[in-house]
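Undergrad: Input structure: my_file-v9.cif, which contains mmCIF, C-alpha atoms.
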```cif
data_coords
#
loop_
_atom_site.label_atom_id
_atom_site.label_comp_id
_atom_site.auth_asym_id
_atom_site.auth_seq_id
_atom_site.Cartn_x
_atom_site.Cartn_y
_atom_site.Cartn_z
CA MET A 1 -12.26 30.70 -15.92
CA ILE A 2 -12.75 32.42 -12.60
CA TRP A 3 -15.16 29.69 -11.52
CA VAL A 4 -12.69 26.94 -12.43
CA ALA A 5 -9.98 28.76 -10.48
CA LEU A 6 -12.26 29.19 -7.49
CA ALA A 7 -13.26 25.51 -7.61
CA ALA A 8 -9.59 24.46 -7.70
CA CYS A 9 -8.82 26.61 -4.65
CA ILE A 10 -11.78 25.19 -2.74
CA ALA A 11 -10.67 21.67 -3.68
CA TRP A 12 -7.21 22.27 -2.22
CA LEU A 13 -8.68 23.83 0.91
CA VAL A 14 -10.69 20.65 1.41
CA LEU A 15 -7.69 18.43 0.72
CA ILE A 16 -5.40 20.33 3.09
CA PHE A 17 -7.83 20.87 5.96
CA GLY A 18 -10.56 18.28 5.44
CA ARG A 19 -8.78 14.97 4.71
CA GLY A 20 -7.28 14.12 8.06
CA PHE A 21 -4.16 16.22 7.33
CA PHE A 22 -2.88 13.24 5.35
CA TRP A 23 -0.18 15.32 3.68
CA LEU A 24 1.70 15.95 6.94
CA CYS A 25 2.77 12.28 7.04
CA ARG A 26 2.19 12.18 10.81
CA ASP A 27 1.03 8.58 11.00
CA ASP A 28 4.20 6.53 11.11
CA ASP A 29 6.00 4.14 13.43
CA ARG A 30 8.57 6.55 14.85
CA ASP A 31 6.91 6.13 18.25
CA ALA A 32 7.34 2.35 18.12
CA GLY A 33 10.31 2.39 20.49
CA SER A 34 8.19 3.94 23.25
CA LEU A 35 5.45 1.30 23.12
CA PRO A 36 5.23 -0.93 26.20
CA GLU A 37 6.33 -4.49 25.59
CA PRO A 38 4.07 -7.40 26.57
CA ALA A 39 4.89 -9.58 29.55
CA SER A 40 5.07 -12.55 27.18
CA TRP A 41 5.53 -12.52 23.44
CA PRO A 42 2.91 -14.45 21.41
CA ALA A 43 3.73 -16.92 18.65
CA VAL A 44 3.77 -15.45 15.14
CA CYS A 45 3.64 -17.12 11.73
CA ALA A 46 4.96 -15.10 8.79
CA ILE A 47 3.60 -16.15 5.38
CA VAL A 48 5.29 -15.00 2.17
CA PRO A 49 3.58 -15.61 -1.20
CA ALA A 50 6.26 -15.81 -3.89
CA ARG A 51 6.21 -16.38 -7.62
CA ASN A 52 9.38 -15.90 -9.65
CA GLU A 53 11.02 -13.74 -6.98
CA ALA A 54 14.61 -15.00 -7.37
CA GLU A 55 16.03 -11.48 -7.17
CA THR A 56 14.60 -10.66 -3.75
CA ILE A 57 13.34 -13.75 -1.91
CA ALA A 58 16.67 -14.52 -0.21
CA ALA A 59 16.89 -11.00 1.26
CA THR A 60 13.29 -11.21 2.43
CA VAL A 61 13.82 -14.57 4.16
CA ARG A 62 17.12 -13.46 5.71
CA GLY A 63 15.41 -10.38 7.13
CA LEU A 64 12.71 -12.51 8.74
CA VAL A 65 15.18 -15.06 10.08
CA ALA A 66 17.22 -12.22 11.64
CA GLN A 67 14.30 -10.75 13.60
CA ASP A 68 15.10 -10.05 17.25
CA TYR A 69 11.59 -11.15 18.14
CA PRO A 70 11.61 -12.75 21.63
CA GLY A 71 8.65 -15.08 20.99
CA PRO A 72 8.19 -18.14 18.76
CA LEU A 73 8.40 -17.34 15.05
CA ARG A 74 7.42 -19.62 12.18
CA LEU A 75 8.23 -18.78 8.54
CA VAL A 76 6.28 -20.06 5.53
CA VAL A 77 7.18 -19.29 1.92
CA VAL A 78 4.59 -20.37 -0.63
CA ASP A 79 6.45 -20.99 -3.89
CA ASP A 80 3.65 -20.38 -6.37
CA ARG A 81 4.85 -22.40 -9.38
CA SER A 82 8.04 -20.39 -9.83
CA SER A 83 10.31 -21.19 -12.75
CA ASP A 84 13.39 -19.32 -11.51
CA GLY A 85 14.42 -21.30 -8.42
CA THR A 86 12.59 -19.10 -5.92
CA GLY A 87 11.87 -22.04 -3.59
CA ASP A 88 15.47 -23.26 -3.50
CA LEU A 89 16.77 -19.74 -2.83
CA ALA A 90 14.30 -19.37 0.04
CA ARG A 91 15.42 -22.68 1.58
CA ALA A 92 19.06 -21.69 1.34
CA ALA A 93 18.39 -18.39 3.13
CA GLY A 94 16.21 -19.83 5.92
CA ASP A 95 16.70 -21.98 8.97
CA GLU A 96 14.81 -24.73 10.78
CA ARG A 97 11.84 -22.42 11.33
CA LEU A 98 11.21 -22.13 7.58
CA LEU A 99 8.68 -24.20 5.67
CA VAL A 100 8.59 -23.88 1.87
CA VAL A 101 5.22 -24.89 0.44
CA THR A 102 4.95 -25.77 -3.23
CA GLY A 103 1.86 -23.96 -4.44
CA SER A 104 -0.76 -25.42 -6.73
CA GLY A 105 -2.60 -23.74 -9.57
CA LYS A 106 -4.89 -20.83 -8.79
CA ALA A 107 -8.30 -22.02 -7.63
CA PRO A 108 -11.39 -20.64 -9.43
CA GLY A 109 -12.59 -17.37 -7.94
CA TRP A 110 -9.27 -16.62 -6.21
CA SER A 111 -6.60 -14.09 -7.02
CA GLY A 112 -3.12 -15.59 -7.32
CA LYS A 113 -1.63 -13.86 -4.30
CA LEU A 114 -4.54 -14.60 -1.98
CA HIS A 115 -4.66 -18.24 -3.06
CA ALA A 116 -0.95 -18.53 -2.27
CA LEU A 117 -1.55 -17.02 1.18
CA GLN A 118 -4.45 -19.42 1.71
CA GLN A 119 -2.18 -22.37 0.95
CA GLY A 120 0.30 -21.06 3.50
CA LEU A 121 -2.47 -20.83 6.09
CA GLU A 122 -3.58 -24.38 5.36
CA ALA A 123 -0.01 -25.66 5.73
CA VAL A 124 0.15 -24.44 9.36
CA ALA A 125 -3.51 -24.91 10.24
CA GLY A 126 -2.66 -27.25 13.11
CA GLU A 127 -0.09 -24.94 14.67
CA ALA A 128 -0.90 -22.44 17.39
CA HIS A 129 -0.04 -18.89 16.34
CA GLU A 130 -1.69 -15.88 17.93
CA PHE A 131 -0.57 -13.54 15.15
CA LEU A 132 -0.09 -13.86 11.40
CA LEU A 133 2.27 -11.71 9.34
CA PHE A 134 1.49 -11.43 5.64
CA THR A 135 4.50 -9.96 3.86
CA ASP A 136 5.59 -9.84 0.24
CA ALA A 137 8.59 -11.56 -1.30
CA ASP A 138 10.27 -8.25 -2.15
CA ILE A 139 10.17 -6.76 1.35
CA ALA A 140 13.21 -6.33 3.61
CA HIS A 141 12.39 -6.20 7.32
CA GLY A 142 14.59 -4.37 9.79
CA PRO A 143 15.57 -6.56 12.77
CA ASP A 144 13.05 -4.96 15.13
CA SER A 145 10.10 -4.63 12.73
CA LEU A 146 8.13 -7.66 13.95
CA ARG A 147 8.79 -6.81 17.58
CA ARG A 148 7.38 -3.32 17.07
CA LEU A 149 4.38 -4.56 15.08
CA VAL A 150 3.37 -6.99 17.80
CA ALA A 151 4.00 -4.44 20.56
CA ARG A 152 1.67 -1.97 18.83
CA ALA A 153 -1.03 -4.57 18.24
CA ILE A 154 -1.05 -5.59 21.90
CA ALA A 155 -0.52 -2.18 23.52
CA ASP A 156 -3.11 -0.44 21.34
CA ARG A 157 -5.52 -3.40 21.08
CA ARG A 158 -5.36 -3.56 17.28
CA ASP A 159 -6.36 -6.65 15.32
CA LEU A 160 -4.57 -5.44 12.20
CA VAL A 161 -1.35 -3.44 12.09
CA SER A 162 0.15 -2.58 8.71
CA LEU A 163 3.18 -0.64 7.57
CA MET A 164 3.54 1.10 4.23
CA ALA A 165 6.96 -0.20 3.19
CA ARG A 166 9.41 2.48 2.15
CA LEU A 167 9.51 2.20 -1.63
CA ARG A 168 12.80 2.43 -3.48
CA CYS A 169 13.51 5.95 -4.72
CA GLU A 170 16.85 5.88 -6.51
CA SER A 171 16.38 6.00 -10.28
CA GLY A 172 15.12 9.08 -12.10
CA PRO A 173 11.62 7.65 -12.70
CA GLU A 174 11.43 6.57 -9.05
CA ARG A 175 12.38 10.02 -7.76
CA TRP A 176 9.72 11.68 -9.90
CA LEU A 177 6.88 9.16 -9.59
CA ILE A 178 7.20 7.08 -6.41
CA PRO A 179 6.68 9.85 -3.79
CA ALA A 180 3.49 10.83 -5.62
CA PHE A 181 2.28 7.23 -5.54
CA VAL A 182 2.39 7.25 -1.72
CA PHE A 183 0.95 10.78 -1.63
CA PHE A 184 -2.04 9.78 -3.76
CA PHE A 185 -2.59 6.65 -1.68
CA GLN A 186 -2.73 8.76 1.48
CA MET A 187 -5.07 11.18 -0.24
CA LEU A 188 -7.47 8.35 -1.10
CA TYR A 189 -7.11 6.64 2.29
CA PRO A 190 -6.10 9.16 4.97
CA PHE A 191 -4.21 7.12 7.53
CA ARG A 192 -5.62 9.16 10.40
CA TRP A 193 -9.14 8.20 9.33
CA SER A 194 -8.26 4.56 8.76
CA ASN A 195 -6.77 4.37 12.25
CA ASP A 196 -9.86 5.95 13.83
CA PRO A 197 -12.37 3.27 14.91
CA ARG A 198 -15.20 5.79 14.40
CA ALA A 199 -14.36 6.45 10.74
CA ARG A 200 -15.45 4.24 7.84
CA THR A 201 -12.14 4.52 5.96
CA ALA A 202 -10.08 1.33 6.10
CA ALA A 203 -6.69 0.77 4.50
CA ALA A 204 -3.64 -1.45 4.76
CA ALA A 205 -0.43 -1.91 2.78
CA GLY A 206 -0.17 -5.48 1.53
CA GLY A 207 3.61 -5.69 1.83
CA CYS A 208 3.42 -5.84 5.63
CA VAL A 209 0.24 -6.79 7.47
CA LEU A 210 0.12 -8.23 10.98
CA LEU A 211 -3.18 -9.87 11.98
CA ARG A 212 -4.54 -11.19 15.24
CA ARG A 213 -5.43 -14.69 14.09
CA GLU A 214 -8.57 -15.15 16.18
CA ALA A 215 -10.14 -11.93 14.88
CA PHE A 216 -9.05 -12.69 11.32
CA GLU A 217 -10.62 -16.15 11.39
CA ALA A 218 -13.78 -14.75 13.00
CA ARG A 219 -14.22 -12.53 9.90
CA GLY A 220 -14.00 -15.59 7.66
CA GLY A 221 -10.28 -15.40 6.88
CA LEU A 222 -9.43 -14.73 3.24
CA MET A 223 -12.57 -16.35 1.87
CA PRO A 224 -14.75 -13.17 1.79
CA ILE A 225 -12.10 -11.29 -0.25
CA ARG A 226 -10.63 -14.22 -2.19
CA GLY A 227 -11.03 -12.63 -5.64
CA ARG A 228 -10.13 -9.04 -4.81
CA ILE A 229 -7.35 -7.35 -6.72
CA ILE A 230 -6.83 -4.62 -4.11
CA ASP A 231 -6.54 -7.27 -1.42
CA ASP A 232 -4.84 -5.19 1.28
CA CYS A 233 -7.52 -2.51 1.58
CA SER A 234 -10.22 -5.15 1.15
CA LEU A 235 -8.75 -7.04 4.10
CA ALA A 236 -8.62 -3.87 6.19
CA ALA A 237 -12.25 -3.11 5.36
CA LEU A 238 -13.27 -6.66 6.24
CA MET A 239 -11.59 -6.43 9.62
CA LYS A 240 -12.88 -2.96 10.44
CA ARG A 241 -16.46 -3.74 9.44
CA GLY A 242 -16.31 -6.68 11.81
CA GLY A 243 -15.48 -4.40 14.73
CA SER A 244 -11.68 -4.66 14.72
CA ARG A 245 -9.38 -1.75 15.45
CA ILE A 246 -6.80 -1.35 12.70
CA TRP A 247 -3.68 0.77 12.22
CA LEU A 248 -1.63 1.80 9.17
CA GLY A 249 1.49 3.93 9.15
CA LEU A 250 4.58 4.89 7.20
CA THR A 251 7.91 3.38 8.14
CA ASP A 252 11.62 3.19 7.44
CA ARG A 253 11.93 -0.19 9.20
CA VAL A 254 10.36 -2.09 6.31
CA ARG A 255 11.65 -1.46 2.81
CA SER A 256 10.60 -2.58 -0.64
CA LEU A 257 13.39 -4.14 -2.68
CA ARG A 258 11.45 -3.80 -5.92
CA ALA A 259 13.29 -1.64 -8.46
CA TYR A 260 11.35 0.68 -10.75
CA ASP A 261 14.14 1.75 -13.08
CA ASP A 262 11.90 2.95 -15.90
CA VAL A 263 8.51 4.55 -16.33
CA ALA A 264 7.10 1.38 -17.92
CA THR A 265 7.63 -0.60 -14.71
CA ILE A 266 5.82 1.99 -12.60
CA ARG A 267 3.08 2.19 -15.20
CA ALA A 268 2.59 -1.59 -15.01
CA MET A 269 2.27 -1.40 -11.21
CA VAL A 270 -0.49 1.21 -11.48
CA VAL A 271 -2.26 -0.35 -14.45
CA ARG A 272 -2.73 -3.62 -12.56
CA THR A 273 -5.11 -2.14 -9.97
CA ALA A 274 -6.13 1.42 -10.92
CA TYR A 275 -9.37 0.58 -12.72
CA ALA A 276 -10.34 -1.85 -9.96
CA GLN A 277 -10.00 1.09 -7.56
CA LEU A 278 -12.70 2.80 -9.63
CA PHE A 279 -15.02 -0.24 -9.38
CA TYR A 280 -14.64 -0.93 -13.13
CA ASN A 281 -17.13 1.88 -13.70
CA PRO A 282 -16.67 4.12 -16.78
CA LEU A 283 -18.67 6.92 -15.13
CA VAL A 284 -16.41 6.84 -12.07
CA LEU A 285 -13.41 6.85 -14.42
CA ALA A 286 -14.76 9.93 -16.20
CA GLY A 287 -15.35 11.63 -12.85
CA MET A 288 -11.80 10.81 -11.76
CA VAL A 289 -10.35 12.33 -14.93
CA LEU A 290 -12.37 15.52 -14.43
CA ALA A 291 -11.38 15.71 -10.76
CA LEU A 292 -7.69 15.24 -11.52
CA ALA A 293 -7.91 17.86 -14.24
CA LEU A 294 -9.51 20.36 -11.86
CA VAL A 295 -7.26 19.67 -8.88
CA PHE A 296 -3.88 19.13 -10.54
CA LEU A 297 -3.94 20.47 -14.11
CA ALA A 298 -6.11 23.57 -13.92
CA PRO A 299 -3.96 25.48 -11.36
CA PRO A 300 -0.75 25.64 -13.45
CA LEU A 301 -2.66 26.25 -16.67
CA LEU A 302 -4.55 29.14 -15.08
CA THR A 303 -1.33 30.52 -13.62
CA LEU A 304 0.43 30.48 -16.98
CA LEU A 305 -2.42 31.34 -19.34
CA ALA A 306 -5.10 33.28 -17.46
CA SER A 307 -5.08 36.80 -16.05
CA GLY A 308 -6.54 38.74 -13.16
CA TRP A 309 -8.31 36.87 -10.38
CA ALA A 310 -8.34 33.60 -12.30
CA GLN A 311 -4.56 33.72 -12.58
CA ALA A 312 -4.12 34.67 -8.92
CA LEU A 313 -6.41 31.90 -7.67
CA GLY A 314 -4.71 29.40 -9.99
CA ALA A 315 -1.32 30.39 -8.58
CA LEU A 316 -2.68 30.03 -5.02
CA ALA A 317 -3.97 26.52 -5.76
CA TRP A 318 -0.65 25.55 -7.38
CA ALA A 319 1.23 26.83 -4.34
CA ALA A 320 -1.07 24.88 -2.01
CA MET A 321 -0.40 21.76 -4.07
CA ALA A 322 3.36 22.20 -3.77
CA VAL A 323 3.16 22.88 -0.02
CA ALA A 324 1.01 19.78 0.54
CA PHE A 325 3.44 17.58 -1.38
CA ALA A 326 6.56 18.93 0.35
CA PRO A 327 6.47 16.67 3.47
CA MET A 328 6.34 13.55 1.32
CA LEU A 329 9.19 14.75 -0.87
CA MET A 330 11.32 15.53 2.17
CA ARG A 331 10.56 12.09 3.60
CA PHE A 332 12.20 10.65 0.49
CA GLY A 333 15.13 13.07 0.80
CA LEU A 334 14.06 15.16 -2.20
CA SER A 335 13.78 18.91 -2.68
CA PRO A 336 10.35 20.42 -1.90
CA LEU A 337 10.70 22.42 -5.12
CA ARG A 338 9.82 19.23 -6.99
CA GLY A 339 6.28 19.83 -5.76
CA LEU A 340 5.87 22.42 -8.54
CA ALA A 341 6.05 19.55 -11.03
CA LEU A 342 3.25 17.57 -9.35
CA PRO A 343 0.77 18.51 -12.12
CA LEU A 344 2.95 16.70 -14.67
CA VAL A 345 3.26 13.68 -12.37
CA ALA A 346 -0.50 13.65 -11.83
CA ALA A 347 -1.00 13.77 -15.60
CA ALA A 348 1.19 10.67 -15.92
CA TYR A 349 -0.87 8.83 -13.31
CA MET A 350 -4.04 9.90 -15.12
CA LEU A 351 -2.72 8.27 -18.29
CA PHE A 352 -1.75 5.14 -16.33
CA THR A 353 -5.30 4.91 -15.00
CA LEU A 354 -6.77 5.27 -18.48
CA ASP A 355 -4.39 2.50 -19.60
CA SER A 356 -5.71 0.36 -16.74
CA ALA A 357 -9.26 0.81 -17.98
CA ARG A 358 -8.22 0.06 -21.55
CA ALA A 359 -6.45 -3.14 -20.43
CA GLU A 360 -9.60 -4.25 -18.60
CA TRP A 361 -11.77 -3.56 -21.65
CA ARG A 362 -9.37 -5.69 -23.70
CA GLY A 363 -9.60 -8.54 -21.21
CA GLN A 364 -6.02 -8.02 -19.98
CA GLY A 365 -6.74 -6.30 -16.69
CA GLY A 366 -5.48 -7.21 -13.23
CA LEU A 367 -2.51 -9.36 -14.22
CA TRP A 368 -0.48 -10.70 -11.27
CA LYS A 369 2.84 -12.23 -12.35
CA GLY A 370 1.38 -12.62 -15.82
CA GLU A 371 -1.76 -14.35 -14.56
CA PRO A 372 -5.23 -12.77 -14.74
CA LEU A 373 -7.00 -12.08 -11.48
CA SER A 374 -10.63 -12.80 -10.79
CA ARG A 375 -12.91 -9.79 -10.53
CA GLN A 376 -15.11 -9.55 -7.39
#
```
Mind converting the file's structure to structure tokens?
TA:
Amino acid sequence: MIWVALAACIAWLVLIFGRGFFWLCRDDDRDAGSLPEPASWPAVCAIVPARNEAETIAATVRGLVAQDYPGPLRLVVVDDRSSDGTGDLARAAGDERLLVVTGSGKAPGWSGKLHALQQGLEAVAGEAHEFLLFTDADIAHGPDSLRRLVARAIADRRDLVSLMARLRCESGPERWLIPAFVFFFQMLYPFRWSNDPRARTAAAAGGCVLLRREAFEARGGLMPIRGRIIDDCSLAALMKRGGSRIWLGLTDRVRSLRAYDDVATIRAMVVRTAYAQLFYNPLVLAGMVLALALVFLAPPLLTLLASGWAQALGALAWAAMAVAFAPMLMRFGLSPLRGLALPLVAAAYMLFTLDSARAEWRGQGGLWKGEPLSRQ
């Protein structure tokens, strides 16, 4: 057991000091107010793919209409065959700048969301927009969010600027599971590395992505990633491989309206993409399970069941885990003491990932709004 305890400690040393200090949550948009503003503000087109989003689409459209953006702004909502009046609710919340496109069936080889975005792009193909904003139908934008996104893109010469929307954290399941979701995402894709042009890591958060249109079209637009389930990080990788500078950060200006009132809803969110993240590879899945067991489960088990050096090293690794999780918990207004329960949360996410693999093996993987996604 001493070797397991030592390996767990080494793993946490690497995570804390060798992963871009992701856990400190330093990469956010709190400096957005100090960015220099451009002499003239470019035209932006915001495209919102929406399917059966009656609960949130009006708030999303109202937030975009209310932007204090000084330049021209065009809004496009792609109503992807909704049966709940999503399109009508969007029209009622918009103004003369809004175009609601009635989406067609998903084209072969495309994921539903990306095909909806593509239809939005085609609807405004003849219009001149220097920037594109891809944003989800459950996202509420603060009045200065677009202004700050564009200012960062121009001042810092970024072709892609993305914000990780602040997820709702109100219900019991949300308070226990949502902060860990963001924590694990940052662990997989350290924002500091993604934002470094010299690093290979590339990530974006699909709820809010601003793109310089010329660079985006030079990479082939959505066509190269048309069937990807994890479309946001695939888009970031496409842009970065092509030589673009990208940026991703946390924010309080952009909020998700999606409610996760029970564990089943959070599980469904994870199940949709988790196995795709592992490249649909059973060996990678097995490696992930072993890694999670070593990093998150072994420390508390050693602390409670072992003795001597194995117990001491297990306790040290558990403490390191709690310390690393504390900044994320405090960002959500939660007690850092919840970090001691991270092993249980990690175990839940491990089960969700195994469920994702099982769904894929049953031919039910990657559902988006009840529709299967193409694998690429």
Undergrad: Could you tell me how far atom CA of A:Arg97 lies from atom CA of A:Gly142, in Å and to one decimal?
TA: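 Distance between the two atoms: 18.3 Å.
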Undergrad: Taking the file as shown, find all residues satisfying the PyMOL selection byres ((chain A and resi 66-78) around 7) and write them as an mmCIF file with C-alpha atoms, in the frame of the given file.
TA:
```cif
data_model
loop_
_atom_site.group_PDB
_atom_site.id
_atom_site.type_symbol
_atom_site.label_atom_id
_atom_site.label_comp_id
_atom_site.auth_asym_id
_atom_site.auth_seq_id
_atom_site.Cartn_x
_atom_site.Cartn_y
_atom_site.Cartn_z
ATOM 1 C CA TRP A 41 5.530 -12.520 23.440
ATOM 2 C CA PRO A 42 2.910 -14.450 21.410
ATOM 3 C CA ALA A 43 3.730 -16.920 18.650
ATOM 4 C CA VAL A 44 3.770 -15.450 15.140
ATOM 5 C CA CYS A 45 3.640 -17.120 11.730
ATOM 6 C CA ALA A 46 4.960 -15.100 8.790
ATOM 7 C CA ILE A 47 3.600 -16.150 5.380
ATOM 8 C CA VAL A 48 5.290 -15.000 2.170
ATOM 9 C CA PRO A 49 3.580 -15.610 -1.200
ATOM 10 C CA ALA A 50 6.260 -15.810 -3.890
ATOM 11 C CA ARG A 62 17.120 -13.460 5.710
ATOM 12 C CA GLY A 63 15.410 -10.380 7.130
ATOM 13 C CA LEU A 64 12.710 -12.510 8.740
ATOM 14 C CA VAL A 65 15.180 -15.060 10.080
ATOM 15 C CA ASP A 79 6.450 -20.990 -3.890
ATOM 16 C CA ASP A 80 3.650 -20.380 -6.370
ATOM 17 C CA ARG A 97 11.840 -22.420 11.330
ATOM 18 C CA LEU A 98 11.210 -22.130 7.580
ATOM 19 C CA LEU A 99 8.680 -24.200 5.670
ATOM 20 C CA VAL A 100 8.590 -23.880 1.870
ATOM 21 C CA VAL A 101 5.220 -24.890 0.440
ATOM 22 C CA THR A 102 4.950 -25.770 -3.230
ATOM 23 C CA GLY A 103 1.860 -23.960 -4.440
ATOM 24 C CA ALA A 116 -0.950 -18.530 -2.270
ATOM 25 C CA GLY A 120 0.300 -21.060 3.500
ATOM 26 C CA PRO A 143 15.570 -6.560 12.770
ATOM 27 C CA ASP A 144 13.050 -4.960 15.130
ATOM 28 C CA LEU A 146 8.130 -7.660 13.950
ATOM 29 C CA ARG A 147 8.790 -6.810 17.580
#
```
Undergrad: Which residues come within 10 Å of stretch 194-202 of chain A, counting all atoms listed in the file, excluding same-chain residues fewer than 6 positions away, as a list in words?
TA: Gly20, Asp27, Arg158, Val161, Leu188, Asp232, Cys233, Ser234, Leu235, Ala236, Ala237, Leu238, Met239, Lys240, Arg241, Gly243, Ser244, Arg245, Ile246, Trp247, Leu248 and Gly249 of chain A
Undergrad: If you keep C-alpha atoms, can you produce a file of those selected residues as a compact mmCIF listing (two decimals), in the coordinates of the input?
TA:
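File written: selection.txt
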```txt
# COMPACT_ATOMS: atom_id res chain seq x y z
CA GLY A 20 -7.28 14.12 8.06
CA ASP A 27 1.03 8.58 11.00
CA ARG A 158 -5.36 -3.56 17.28
CA VAL A 161 -1.35 -3.44 12.09
CA LEU A 188 -7.47 8.35 -1.10
CA ASP A 232 -4.84 -5.19 1.28
CA CYS A 233 -7.52 -2.51 1.58
CA SER A 234 -10.22 -5.15 1.15
CA LEU A 235 -8.75 -7.04 4.10
CA ALA A 236 -8.62 -3.87 6.19
CA ALA A 237 -12.25 -3.11 5.36
CA LEU A 238 -13.27 -6.66 6.24
CA MET A 239 -11.59 -6.43 9.62
CA LYS A 240 -12.88 -2.96 10.44
CA ARG A 241 -16.46 -3.74 9.44
CA GLY A 243 -15.48 -4.40 14.73
CA SER A 244 -11.68 -4.66 14.72
CA ARG A 245 -9.38 -1.75 15.45
CA ILE A 246 -6.80 -1.35 12.70
CA TRP A 247 -3.68 0.77 12.22
CA LEU A 248 -1.63 1.80 9.17
CA GLY A 249 1.49 3.93 9.15
```
Undergrad: Spell out the residues picked by the PyMOL selection byres ((chain A and resi 300-303) around 9) here, as a list in words.
TA: Met1, Val4, Ala5, Phe296, Leu297, Ala298, Pro299, Leu304, Leu305, Ala306, Ser307, Ala310, Gln311, Ala312, Leu313, Gly314, Ala315, Leu316, Ala317, Trp318, Leu340 and Pro343 of chain A
Undergrad: Nearest to A:Met164: which of A:Leu250, A:Ala347, A:Met269, A:Leu290 is it, counting only C-alpha atoms?
TA: A:Leu250
Undergrad: Go through A:Ala293, A:Val284, A:Gly207, A:Ala165 and flag the residue nearest A:Arg255, using only C-alpha atoms for the distances.
TA: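 Smallest distance to A:Arg255 is found for A:Ala165.
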Undergrad: Give me the residues near stretch 330-336 of chain A as a ChimeraX atom specification, where near means some atom within 12 Å (using all atoms listed in the file) and where sequence neighbours in that chain fewer than 4 positions away do not count.
TA: /A:23-26,28,166-170,172,174-180,182-183,250-252,319,321-326,340-342
Undergrad: Which value, in Å to one decimal, gives the distance between atom CA of A:Ser83 and atom CA of A:Asp136?
TA: 17.9 Å
Undergrad: Tell me, counting all atoms listed in the file, for each residue of stretch 192-304 of chain A within 10 Å of stretch 106-109 of chain A, which pair of atoms is nearest and how far apart they are in Å to one decimal, in rows ordered by chain and increasing number, as JSON lines.
TA:
```
{"residue": "A:Met223", "atom": "CA", "partner": "A:Gly109", "partner_atom": "CA", "distance": 9.9}
{"residue": "A:Ile225", "atom": "CA", "partner": "A:Gly109", "partner_atom": "CA", "distance": 9.8}
{"residue": "A:Arg226", "atom": "CA", "partner": "A:Gly109", "partner_atom": "CA", "distance": 6.8}
{"residue": "A:Gly227", "atom": "CA", "partner": "A:Gly109", "partner_atom": "CA", "distance": 5.5}
{"residue": "A:Arg228", "atom": "CA", "partner": "A:Gly109", "partner_atom": "CA", "distance": 9.2}
```
Undergrad: Measure the distance from atom CA of A:Leu222 to atom CA of A:Glu122 in Å and round it to one decimal.
TA: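 Atom CA of A:Glu122 lies 11.5 Å from atom CA of A:Leu222.
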Undergrad: My list of candidates is A:Cys208, A:Ile229, A:Leu294, A:Leu117. Which is closest to A:Val270 when distances are computed with all atoms listed in the file?
TA: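 Closest to A:Val270, using all atoms listed in the file: A:Ile229.
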Undergrad: For A:Leu121, which of A:Arg213, A:Arg267, A:Arg219, A:His141 is the closest residue, counting all atoms listed in the file?
TA: A:Arg213
Undergrad: Run the PyMOL selection byres ((chain A and resi 53) around 12) mentally over the shown coordinates, then write out the matched residues as number ranges by chain, using the chain letters and numbers from the document.
TA: A: 48-52, 54-61, 77-90, 136-139, 257-258, 369
Undergrad: May I ask which of the residues A:Ala125, A:Met187, A:Leu163, A:Ile266 is the closest one to A:Phe21, counting all atoms listed in the file?
TA: A:Met187
